[in-house]
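Asks: final.txt (compact mmCIF, C-alpha atoms) pasted underneath:
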# COMPACT_ATOMS: atom_id res chain seq x y z
CA MET A 1 22.14 13.84 -99.59
CA LYS A 2 24.89 13.04 -97.13
CA SER A 3 23.86 15.90 -94.88
CA LEU A 4 20.25 14.81 -94.91
CA ARG A 5 21.26 11.25 -94.07
CA ARG A 6 23.42 12.54 -91.25
CA ILE A 7 20.53 14.70 -89.99
CA THR A 8 18.20 11.72 -90.06
CA ILE A 9 20.64 9.63 -88.04
CA VAL A 10 20.85 12.39 -85.45
CA ALA A 11 17.08 12.52 -85.28
CA LEU A 12 16.88 8.78 -84.79
CA VAL A 13 19.37 8.98 -81.95
CA ILE A 14 17.28 11.68 -80.33
CA ALA A 15 14.18 9.53 -80.72
CA LEU A 16 15.82 6.68 -78.92
CA VAL A 17 16.50 8.85 -75.85
CA ALA A 18 13.35 7.79 -74.04
CA ILE A 19 11.55 10.03 -71.60
CA PRO A 20 12.71 8.84 -68.16
CA THR A 21 10.35 6.23 -66.75
CA ALA A 22 10.47 8.14 -63.45
CA ALA A 23 8.51 10.91 -65.16
CA LEU A 24 5.63 8.53 -65.71
CA ALA A 25 5.83 6.61 -62.46
CA LEU A 26 2.89 8.02 -60.58
CA ASP A 27 2.24 5.21 -58.18
CA GLU A 28 1.80 6.31 -54.57
CA ALA A 29 3.80 4.70 -51.78
CA THR A 30 1.53 3.99 -48.86
CA THR A 31 1.75 1.79 -45.80
CA PRO A 32 -1.83 1.02 -44.80
CA ILE A 33 -2.58 -0.10 -41.28
CA THR A 34 -3.58 -3.76 -41.33
CA GLU A 35 -6.77 -5.10 -39.78
CA THR A 36 -4.64 -6.81 -37.15
CA ASP A 37 -3.12 -3.46 -36.22
CA ARG A 38 -6.54 -1.87 -36.09
CA ALA A 39 -7.94 -4.62 -33.87
CA GLU A 40 -4.94 -4.43 -31.55
CA ALA A 41 -5.22 -0.67 -31.32
CA GLU A 42 -8.93 -0.95 -30.59
CA ARG A 43 -8.32 -3.43 -27.80
CA ALA A 44 -5.63 -1.19 -26.39
CA THR A 45 -7.75 1.94 -26.58
CA THR A 46 -10.79 0.30 -24.99
CA GLY A 47 -8.77 -1.16 -22.14
CA GLU A 48 -9.78 -4.75 -22.89
CA ARG A 49 -6.34 -6.06 -21.94
CA PRO A 50 -5.30 -6.43 -18.31
CA GLU A 51 -2.34 -4.47 -17.03
CA HIS A 52 -0.06 -7.52 -17.03
CA ASP A 53 -0.22 -7.39 -20.86
CA LEU A 54 1.36 -3.92 -20.95
CA SER A 55 4.52 -5.23 -22.57
CA GLU A 56 2.57 -6.87 -25.39
CA ILE A 57 0.50 -3.74 -26.00
CA LYS A 58 3.67 -1.67 -26.08
CA ALA A 59 5.31 -4.09 -28.53
CA ARG A 60 2.36 -3.86 -30.89
CA ALA A 61 2.25 -0.08 -30.69
CA LEU A 62 6.00 0.23 -31.24
CA GLU A 63 5.74 -2.11 -34.21
CA ARG A 64 3.17 0.18 -35.77
CA ILE A 65 5.44 3.16 -35.20
CA ASP A 66 8.40 1.29 -36.71
CA LYS A 67 6.36 0.60 -39.84
CA GLN A 68 5.58 4.28 -40.19
CA LEU A 69 9.22 5.23 -39.66
CA GLU A 70 10.20 2.72 -42.34
CA ALA A 71 7.65 4.31 -44.67
CA LEU A 72 9.23 7.70 -44.02
CA GLU A 73 12.66 6.30 -44.89
CA ARG A 74 11.28 4.99 -48.16
CA LEU A 75 9.96 8.46 -48.93
CA ARG A 76 13.39 9.96 -48.21
CA SER A 77 14.94 7.42 -50.55
CA LYS A 78 12.37 8.16 -53.24
CA ILE A 79 13.19 11.85 -53.07
CA ALA A 80 16.95 11.18 -53.16
CA LYS A 81 16.57 8.97 -56.23
CA SER A 82 14.42 11.43 -58.13
CA ARG A 83 16.54 13.14 -60.77
CA HIS A 84 14.05 15.87 -61.58
CA ILE A 85 12.48 17.04 -58.33
CA THR A 86 13.35 20.68 -57.67
CA ASP A 87 15.61 21.54 -54.75
CA ASP A 88 12.90 23.67 -53.17
CA HIS A 89 10.31 20.90 -53.36
CA ALA A 90 12.76 18.32 -52.01
CA THR A 91 13.60 20.58 -49.07
CA GLN A 92 9.93 21.12 -48.19
CA LEU A 93 9.09 17.42 -48.37
CA LEU A 94 12.14 16.37 -46.36
CA ARG A 95 11.21 18.90 -43.70
CA ASP A 96 7.72 17.39 -43.42
CA ILE A 97 9.20 13.89 -43.28
CA SER A 98 11.62 14.90 -40.52
CA THR A 99 8.81 16.48 -38.51
CA ALA A 100 6.79 13.27 -38.72
CA ALA A 101 9.81 11.10 -37.87
CA ASP A 102 10.70 13.24 -34.84
CA GLY A 103 7.12 13.16 -33.61
CA LEU A 104 6.82 9.40 -33.98
CA SER A 105 10.17 8.82 -32.28
CA GLU A 106 9.11 10.95 -29.33
CA LEU A 107 5.82 9.09 -29.17
CA ALA A 108 7.68 5.77 -29.11
CA ARG A 109 9.74 6.96 -26.15
CA LYS A 110 6.58 7.92 -24.27
CA ILE A 111 4.98 4.55 -25.03
CA GLU A 112 8.03 2.72 -23.76
CA ALA A 113 7.85 4.71 -20.52
CA ALA A 114 4.09 4.28 -20.00
CA THR A 115 3.01 2.37 -16.89
CA THR A 116 -0.77 1.97 -17.27
CA VAL A 117 -3.22 0.82 -19.92
CA GLU A 118 -5.00 4.18 -19.78
CA GLU A 119 -1.75 6.02 -20.43
CA LEU A 120 -1.01 3.70 -23.34
CA ARG A 121 -4.51 4.17 -24.71
CA GLN A 122 -4.06 7.91 -24.90
CA LEU A 123 -0.63 7.61 -26.53
CA ILE A 124 -1.69 4.97 -29.08
CA GLU A 125 -4.45 7.29 -30.30
CA HIS A 126 -1.72 9.60 -31.64
CA ILE A 127 0.17 7.03 -33.75
CA ASP A 128 -1.75 7.95 -36.89
CA ASP A 129 -1.64 11.70 -36.28
CA TYR A 130 0.83 12.30 -39.11
CA LYS A 131 -1.38 10.71 -41.80
CA ILE A 132 1.62 9.28 -43.63
CA GLY A 133 -0.33 6.91 -45.85
CA GLN A 134 -3.19 9.32 -46.41
CA VAL A 135 -1.31 12.60 -47.05
CA LEU A 136 2.49 12.58 -46.80
CA ALA A 137 3.20 9.60 -49.05
CA PRO A 138 0.78 10.49 -51.86
CA LYS A 139 1.77 14.16 -51.88
CA THR A 140 5.45 13.18 -52.10
CA SER A 141 4.73 10.92 -55.08
CA GLN A 142 2.67 13.61 -56.77
CA VAL A 143 5.32 16.31 -56.30
CA ILE A 144 7.95 14.01 -57.80
CA GLY A 145 5.59 13.08 -60.63
CA SER A 146 4.74 16.71 -61.34
CA ASP A 147 8.37 17.85 -61.43
CA SER A 148 9.39 14.86 -63.55
CA LEU A 149 6.65 15.46 -66.10
CA VAL A 150 7.51 19.15 -66.31
CA TYR A 151 11.10 18.11 -67.03
CA ALA A 152 9.83 15.66 -69.65
CA THR A 153 7.81 18.34 -71.44
CA GLY A 154 10.90 20.57 -71.58
CA LYS A 155 12.88 17.73 -73.07
CA LEU A 156 10.15 17.09 -75.62
CA GLU A 157 10.04 20.77 -76.54
CA ARG A 158 13.73 20.61 -77.41
CA PHE A 159 13.10 17.40 -79.34
CA SER A 160 10.27 19.07 -81.29
CA ALA A 161 12.41 22.12 -82.10
CA LYS A 162 15.17 19.87 -83.46
CA LEU A 163 12.70 17.90 -85.56
CA SER A 164 11.21 21.14 -86.90
CA GLU A 165 14.65 22.26 -87.99
CA ILE A 166 15.29 18.91 -89.69
CA THR A 167 11.87 18.92 -91.35
CA ALA A 168 12.48 22.41 -92.75
CA ARG A 169 15.72 21.22 -94.31
CA PHE A 170 13.92 18.29 -95.91
CA GLU A 171 11.33 20.72 -97.26
CA GLU A 172 14.04 22.98 -98.68
CA ALA A 173 15.50 19.93 -100.40
CA GLY A 174 12.21 19.36 -102.24
CA PHE A 175 10.56 16.66 -100.14
CA ASP A 176 6.82 16.70 -99.39
CA VAL A 177 6.83 16.99 -95.60
CA ASP A 178 3.21 17.99 -94.95
CA GLU A 179 2.70 14.86 -92.84
CA ALA A 180 5.76 15.70 -90.73
CA TRP A 181 4.41 19.18 -90.06
CA ARG A 182 1.03 17.73 -89.10
CA LEU A 183 2.67 15.33 -86.67
CA LEU A 184 4.80 18.12 -85.19
CA GLU A 185 1.72 20.27 -84.64
CA LYS A 186 0.07 17.35 -82.86
CA MET A 187 3.24 16.75 -80.85
CA ASP A 188 3.40 20.37 -79.70
CA ALA A 189 -0.26 20.29 -78.68
CA ASN A 190 0.35 17.18 -76.56
CA ILE A 191 3.43 18.75 -74.98
CA ALA A 192 1.45 21.87 -74.06
CA GLU A 193 -1.37 19.79 -72.60
CA GLY A 194 1.03 17.66 -70.58
CA TYR A 195 2.66 20.76 -69.12
CA ARG A 196 -0.70 22.43 -68.41
CA LEU A 197 -1.88 19.43 -66.42
CA ALA A 198 1.33 18.50 -64.62
CA SER A 199 2.85 21.85 -63.74
CA PRO A 200 0.35 23.03 -61.06
CA VAL A 201 0.12 19.72 -59.19
CA ALA A 202 3.29 20.06 -57.11
CA GLY A 203 2.28 23.48 -55.84
CA ASN A 204 -1.27 22.34 -55.16
CA VAL A 205 -0.34 19.38 -52.97
CA ILE A 206 3.00 20.17 -51.34
CA GLY A 207 1.48 22.34 -48.61
CA LEU A 208 -1.02 19.70 -47.48
CA GLN A 209 -0.60 18.60 -43.88
CA ALA A 210 -2.05 15.88 -41.68
CA ALA A 211 -4.60 18.34 -40.29
CA ASP A 212 -5.98 18.76 -43.82
CA TRP A 213 -7.24 15.16 -43.87
CA PRO A 214 -9.82 14.39 -45.05
CA ASP A 215 -10.81 17.87 -46.24
CA PRO A 216 -9.38 19.38 -48.35
CA ALA A 217 -6.51 16.89 -48.73
CA GLU A 218 -8.57 13.99 -50.07
CA SER A 219 -10.11 15.98 -52.94
CA VAL A 220 -6.88 17.84 -53.77
CA LEU A 221 -4.87 14.62 -53.93
CA SER A 222 -7.56 12.92 -56.00
CA ALA A 223 -7.52 15.79 -58.50
CA GLY A 224 -3.72 15.75 -58.60
CA ARG A 225 -3.68 12.02 -59.26
CA ALA A 226 -6.10 12.39 -62.18
CA ASP A 227 -4.18 15.33 -63.70
CA LEU A 228 -0.85 13.52 -63.49
CA ARG A 229 -2.23 10.44 -65.18
CA ALA A 230 -3.67 12.56 -67.98
CA ALA A 231 -0.40 14.52 -68.24
CA GLY A 232 1.55 11.27 -68.45
CA ASN A 233 -0.65 10.14 -71.32
CA SER A 234 -0.06 13.43 -73.14
CA VAL A 235 3.70 13.15 -72.65
CA LYS A 236 3.69 9.59 -74.00
CA ALA A 237 1.60 10.69 -76.97
CA ALA A 238 3.96 13.61 -77.69
CA HIS A 239 6.97 11.32 -77.58
CA GLY A 240 5.19 8.92 -79.94
CA ASP A 241 4.42 11.79 -82.32
CA GLY A 242 8.10 12.73 -82.37
CA VAL A 243 9.16 9.18 -83.13
CA ASP A 244 6.57 9.08 -85.93
CA VAL A 245 8.13 12.21 -87.43
CA VAL A 246 11.53 10.54 -87.38
CA HIS A 247 10.17 7.42 -89.04
CA PHE A 248 8.39 9.51 -91.67
CA LEU A 249 11.53 11.49 -92.55
CA ARG A 250 13.63 8.36 -92.62
CA GLY A 251 11.07 6.80 -94.97
CA LEU A 252 11.33 9.79 -97.29
CA LEU A 253 15.09 9.51 -97.35
CA GLU A 254 15.26 5.77 -97.81
CA GLY A 255 12.49 5.73 -100.41
CA SER A 256 13.77 8.60 -102.56
CA ASP A 257 14.98 8.13 -106.13
CA PRO A 258 18.83 8.01 -106.18
CA ALA A 259 18.99 9.76 -109.57
CA PHE A 260 16.78 12.55 -108.27
CA ASP A 261 18.88 12.74 -105.11
CA ILE A 262 22.04 13.36 -107.09
CA ALA A 263 20.39 16.09 -109.19
CA ARG A 264 18.87 17.82 -106.16
CA THR A 265 20.90 20.57 -104.48
CA ASP A 266 21.49 19.90 -100.83
CA PRO A 267 20.86 23.20 -99.00
CA ALA A 268 23.20 22.11 -96.22
CA THR A 269 26.18 22.00 -98.60
CA GLY A 270 25.19 23.96 -101.66
Using the file provided, produce a representation of the structure as structure tokens.
Replies:
Amino acid sequence: MKSLRRITIVALVIALVAIPTAALALDEATTPITETDRAEAERATTGERPEHDLSEIKARALERIDKQLEALERLRSKIAKSRHITDDHATQLLRDISTAADGLSELARKIEAATTVEELRQLIEHIDDYKIGQVLAPKTSQVIGSDSLVYATGKLERFSAKLSEITARFEEAGFDVDEAWRLLEKMDANIAEGYRLASPVAGNVIGLQAADWPDPAESVLSAGRADLRAAGNSVKAAHGDGVDVVHFLRGLLEGSDPAFDIARTDPATG
């Protein structure tokens, strides 16, 4: 039984290699415009402020732009820290982020150079053109989530294959492993469902642009969010099924009759 004990230990080690939390982190980084910002923008766009307040209007507008540029930097950092986003997806997202950053920086320069309230009003209207909170941030999160969950399902497939191999060896040794096979079938079904839901999301959302807001971006992102949450639940369930298989096999091994163990031929050595 030494080989079976060694196999079980290996399985337990595998079970303890948790699916990366990044694969299940589907929160969306957004930087909503505050009511203060909205009120200030409205006053600026309606020309309520006299011209001697130009500097204050500019400061408020530039502050809004700085917040959006900071949000873009956070998105860059999120992409850089993602261990499972594909190179192609990262390149596409970073290109969109750079386009938005360049546009906002140019807009800031024009605002700084503006000399009238009317000129400022027209420029301020373009601050939200890039729809960072509405489109760019959520699509970045969903692409990362999609790629991470696809990676997780691949990892779980390898985990399931290893457990199947171990279960077969237990069966050859004379153990009743029907429950293990049932759990593995359930695990594989959850893996397949997780992949089915998560895999298309990145491709569905990555091409969305600011001009797509609200239609079709809003509905596409809403659908992607729902699919990723469901996929995350399937991945968690599959991982739990695998751990249950390990516990079941360990229970068989630890609860077996020592005399029967000695008499039984170990297929790994005999």
Asks: Quick one: distance from atom CA of Ala192 of chain A to atom CA of Gly242 of chain A in Å, one decimal?
Replies: 14.0 Å
Asks: In Å to one decimal, how far is atom CA of His89 of chain A from atom CA of Glu106 of chain A?
Replies: 26.0 Å
Asks: Can you pull out every residue within 9 Å of Gln134 of chain A, counting all atoms listed in the file, but drop anything in the same chain fewer than 4 positions away, and send it as a short mmCIF file (atom, residue, chain, number, x, y, z; two decimals) with C-alpha atoms, in the frame of the given file?
Replies:
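What follows is the written file part_2.cif:
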data_model
loop_
_atom_site.label_atom_id
_atom_site.label_comp_id
_atom_site.auth_asym_id
_atom_site.auth_seq_id
_atom_site.Cartn_x
_atom_site.Cartn_y
_atom_site.Cartn_z
CA THR A 30 1.53 3.99 -48.86
CA PRO A 32 -1.83 1.02 -44.80
CA TYR A 130 0.83 12.30 -39.11
CA PRO A 138 0.78 10.49 -51.86
CA LYS A 139 1.77 14.16 -51.88
CA ALA A 210 -2.05 15.88 -41.68
CA TRP A 213 -7.24 15.16 -43.87
CA PRO A 214 -9.82 14.39 -45.05
CA ALA A 217 -6.51 16.89 -48.73
CA GLU A 218 -8.57 13.99 -50.07
#
Asks: Given only C-alpha atoms as the basis, pick out the residue of A:Gly251, A:Val246, A:Thr116, A:Leu107 nearest to Ser164 of chain A.
Replies: A:Val246
Asks: Of the candidates A:Ser222, A:Ser199, A:Asp188, A:Ile65, which shows the shortest atom-to-atom distance to Glu112 of chain A, using all atoms listed in the file?
Replies: A:Ile65
Asks: Select, from A:Ala61, A:Val177, A:Leu136, A:Ala108, the residue with the minimum atom-to-atom distance to Arg121 of chain A, counting all atoms listed in the file.
Replies: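 Going through A:Ala61, A:Val177, A:Leu136, A:Ala108 one by one, the smallest distance to Arg121 of chain A is for A:Ala61.
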Asks: Determine, counting all atoms listed in the file, which protein, DNA and RNA residues have an atom within 9 Å of an atom of Lys58 of chain A; residues of the same chain fewer than 5 positions away are not included. Present the result as a VMD selection string.
Replies: chain A and resid 53 63 108 111 to 112 114 120
Asks: Please, could you write that set of residues out with C-alpha atoms as an mmCIF file, in the frame of the given file?
Replies:
data_model
loop_
_atom_site.group_PDB
_atom_site.id
_atom_site.type_symbol
_atom_site.label_atom_id
_atom_site.label_comp_id
_atom_site.auth_asym_id
_atom_site.auth_seq_id
_atom_site.Cartn_x
_atom_site.Cartn_y
_atom_site.Cartn_z
ATOM 1 C CA ASP A 53 -0.220 -7.390 -20.860
ATOM 2 C CA GLU A 63 5.740 -2.110 -34.210
ATOM 3 C CA ALA A 108 7.680 5.770 -29.110
ATOM 4 C CA ILE A 111 4.980 4.550 -25.030
ATOM 5 C CA GLU A 112 8.030 2.720 -23.760
ATOM 6 C CA ALA A 114 4.090 4.280 -20.000
ATOM 7 C CA LEU A 120 -1.010 3.700 -23.340
#
Asks: Would you compute the distance between atom CA of Leu163 of chain A and atom CA of Val235 of chain A? Give it in Å to one decimal.
Replies: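 Going from atom CA of Leu163 of chain A over to atom CA of Val235 of chain A covers 16.4 Å.
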Asks: Rank A:Ala180, A:Ile79, A:Leu54, A:Leu156 by their smallest atom-to-atom distance to Val117 of chain A, using all atoms listed in the file, and report the top residue only.
Replies: A:Leu54
Asks: Find the residues near Met187 of chain A: any atom within 7 Å, counting only C-alpha atoms, skip ones fewer than 2 places away on the same chain, and give them as a PyMOL selection string.
Replies: chain A and resi 183-185+189-191+238+241-242
Asks: Can you sort out the box for segment 190-205 of chain A, edges along x, y and z, all listed atoms in, 8 Å on every side, with centre and edge lengths in Å to one decimal, as AutoDock Vina command-line options?
Replies:
--center_x 0.8 --center_y 20.3 --center_z -64.8 --size_x 21.3 --size_y 22.3 --size_z 39.6
Asks: Neighbouring residues of segment 93-99 of chain A were defined as those with any atom within 8 Å, considering all atoms listed in the file; residues of the same chain fewer than 3 positions away were excluded. Please report them as an NGL selection string.
Replies: :A and (72 or 75-76 or 89-90 or 102-103 or 136 or 140 or 206)
Asks: Given the choices A:Val135, A:Ile127, A:Ala113, A:Leu253, which gets closest to Lys67 of chain A if the distance is worked out from all atoms listed in the file?
Replies: A:Ile127
Asks: Can you rebuild segment 78-108 of chain A with N, CA and C atoms and give it as a PDB file, in the frame of the given file?
Replies:
ATOM      1  N   LYS A  78      13.036   7.820 -51.979  1.00  0.00           N
ATOM      2  CA  LYS A  78      12.370   8.160 -53.240  1.00  0.00           C
ATOM      3  C   LYS A  78      12.742   9.563 -53.685  1.00  0.00           C
ATOM      4  N   ILE A  79      12.804  10.480 -52.750  1.00  0.00           N
ATOM      5  CA  ILE A  79      13.190  11.850 -53.070  1.00  0.00           C
ATOM      6  C   ILE A  79      14.646  11.899 -53.533  1.00  0.00           C
ATOM      7  N   ALA A  80      15.520  11.187 -52.818  1.00  0.00           N
ATOM      8  CA  ALA A  80      16.950  11.180 -53.160  1.00  0.00           C
ATOM      9  C   ALA A  80      17.189  10.594 -54.549  1.00  0.00           C
ATOM     10  N   LYS A  81      16.378   9.637 -54.944  1.00  0.00           N
ATOM     11  CA  LYS A  81      16.570   8.970 -56.230  1.00  0.00           C
ATOM     12  C   LYS A  81      15.923   9.721 -57.385  1.00  0.00           C
ATOM     13  N   SER A  82      15.071  10.680 -57.070  1.00  0.00           N
ATOM     14  CA  SER A  82      14.420  11.430 -58.130  1.00  0.00           C
ATOM     15  C   SER A  82      15.413  12.399 -58.769  1.00  0.00           C
ATOM     16  N   ARG A  83      15.570  12.288 -60.062  1.00  0.00           N
ATOM     17  CA  ARG A  83      16.540  13.140 -60.770  1.00  0.00           C
ATOM     18  C   ARG A  83      15.965  14.498 -61.150  1.00  0.00           C
ATOM     19  N   HIS A  84      14.658  14.655 -61.038  1.00  0.00           N
ATOM     20  CA  HIS A  84      14.050  15.870 -61.580  1.00  0.00           C
ATOM     21  C   HIS A  84      13.259  16.687 -60.574  1.00  0.00           C
ATOM     22  N   ILE A  85      13.162  16.227 -59.335  1.00  0.00           N
ATOM     23  CA  ILE A  85      12.480  17.040 -58.330  1.00  0.00           C
ATOM     24  C   ILE A  85      13.287  18.302 -58.078  1.00  0.00           C
ATOM     25  N   THR A  86      12.617  19.437 -57.900  1.00  0.00           N
ATOM     26  CA  THR A  86      13.350  20.680 -57.670  1.00  0.00           C
ATOM     27  C   THR A  86      13.917  20.698 -56.254  1.00  0.00           C
ATOM     28  N   ASP A  87      14.977  21.458 -56.074  1.00  0.00           N
ATOM     29  CA  ASP A  87      15.610  21.540 -54.750  1.00  0.00           C
ATOM     30  C   ASP A  87      14.633  22.080 -53.712  1.00  0.00           C
ATOM     31  N   ASP A  88      13.846  23.071 -54.104  1.00  0.00           N
ATOM     32  CA  ASP A  88      12.900  23.670 -53.170  1.00  0.00           C
ATOM     33  C   ASP A  88      11.839  22.659 -52.733  1.00  0.00           C
ATOM     34  N   HIS A  89      11.327  21.905 -53.683  1.00  0.00           N
ATOM     35  CA  HIS A  89      10.310  20.900 -53.360  1.00  0.00           C
ATOM     36  C   HIS A  89      10.902  19.797 -52.492  1.00  0.00           C
ATOM     37  N   ALA A  90      12.120  19.373 -52.816  1.00  0.00           N
ATOM     38  CA  ALA A  90      12.760  18.320 -52.010  1.00  0.00           C
ATOM     39  C   ALA A  90      12.958  18.796 -50.573  1.00  0.00           C
ATOM     40  N   THR A  91      13.374  20.036 -50.413  1.00  0.00           N
ATOM     41  CA  THR A  91      13.600  20.580 -49.070  1.00  0.00           C
ATOM     42  C   THR A  91      12.301  20.613 -48.267  1.00  0.00           C
ATOM     43  N   GLN A  92      11.216  21.057 -48.900  1.00  0.00           N
ATOM     44  CA  GLN A  92       9.930  21.120 -48.190  1.00  0.00           C
ATOM     45  C   GLN A  92       9.442  19.730 -47.782  1.00  0.00           C
ATOM     46  N   LEU A  93       9.555  18.778 -48.682  1.00  0.00           N
ATOM     47  CA  LEU A  93       9.090  17.420 -48.370  1.00  0.00           C
ATOM     48  C   LEU A  93       9.945  16.782 -47.281  1.00  0.00           C
ATOM     49  N   LEU A  94      11.255  16.954 -47.362  1.00  0.00           N
ATOM     50  CA  LEU A  94      12.140  16.370 -46.360  1.00  0.00           C
ATOM     51  C   LEU A  94      11.892  16.988 -44.984  1.00  0.00           C
ATOM     52  N   ARG A  95      11.531  18.254 -44.965  1.00  0.00           N
ATOM     53  CA  ARG A  95      11.210  18.900 -43.700  1.00  0.00           C
ATOM     54  C   ARG A  95       9.954  18.273 -43.086  1.00  0.00           C
ATOM     55  N   ASP A  96       8.942  18.027 -43.910  1.00  0.00           N
ATOM     56  CA  ASP A  96       7.720  17.390 -43.420  1.00  0.00           C
ATOM     57  C   ASP A  96       8.005  15.966 -42.930  1.00  0.00           C
ATOM     58  N   ILE A  97       8.850  15.267 -43.660  1.00  0.00           N
ATOM     59  CA  ILE A  97       9.200  13.890 -43.280  1.00  0.00           C
ATOM     60  C   ILE A  97       9.946  13.890 -41.946  1.00  0.00           C
ATOM     61  N   SER A  98      10.867  14.817 -41.775  1.00  0.00           N
ATOM     62  CA  SER A  98      11.620  14.900 -40.520  1.00  0.00           C
ATOM     63  C   SER A  98      10.711  15.236 -39.341  1.00  0.00           C
ATOM     64  N   THR A  99       9.758  16.127 -39.573  1.00  0.00           N
ATOM     65  CA  THR A  99       8.810  16.480 -38.510  1.00  0.00           C
ATOM     66  C   THR A  99       8.022  15.254 -38.071  1.00  0.00           C
ATOM     67  N   ALA A 100       7.547  14.479 -39.043  1.00  0.00           N
ATOM     68  CA  ALA A 100       6.790  13.270 -38.720  1.00  0.00           C
ATOM     69  C   ALA A 100       7.669  12.249 -38.006  1.00  0.00           C
ATOM     70  N   ALA A 101       8.899  12.070 -38.483  1.00  0.00           N
ATOM     71  CA  ALA A 101       9.810  11.100 -37.870  1.00  0.00           C
ATOM     72  C   ALA A 101      10.141  11.490 -36.431  1.00  0.00           C
ATOM     73  N   ASP A 102      10.386  12.772 -36.204  1.00  0.00           N
ATOM     74  CA  ASP A 102      10.700  13.240 -34.840  1.00  0.00           C
ATOM     75  C   ASP A 102       9.503  13.029 -33.916  1.00  0.00           C
ATOM     76  N   GLY A 103       8.313  13.325 -34.424  1.00  0.00           N
ATOM     77  CA  GLY A 103       7.120  13.160 -33.610  1.00  0.00           C
ATOM     78  C   GLY A 103       6.857  11.707 -33.260  1.00  0.00           C
ATOM     79  N   LEU A 104       7.037  10.828 -34.229  1.00  0.00           N
ATOM     80  CA  LEU A 104       6.820   9.400 -33.980  1.00  0.00           C
ATOM     81  C   LEU A 104       7.875   8.834 -33.031  1.00  0.00           C
ATOM     82  N   SER A 105       9.109   9.299 -33.162  1.00  0.00           N
ATOM     83  CA  SER A 105      10.170   8.820 -32.280  1.00  0.00           C
ATOM     84  C   SER A 105       9.914   9.245 -30.838  1.00  0.00           C
ATOM     85  N   GLU A 106       9.451  10.461 -30.674  1.00  0.00           N
ATOM     86  CA  GLU A 106       9.110  10.950 -29.330  1.00  0.00           C
ATOM     87  C   GLU A 106       7.932  10.166 -28.766  1.00  0.00           C
ATOM     88  N   LEU A 107       6.963   9.879 -29.602  1.00  0.00           N
ATOM     89  CA  LEU A 107       5.820   9.090 -29.170  1.00  0.00           C
ATOM     90  C   LEU A 107       6.242   7.689 -28.739  1.00  0.00           C
ATOM     91  N   ALA A 108       7.183   7.108 -29.474  1.00  0.00           N
ATOM     92  CA  ALA A 108       7.680   5.770 -29.110  1.00  0.00           C
ATOM     93  C   ALA A 108       8.340   5.797 -27.736  1.00  0.00           C
TER      94      ALA A 108
END
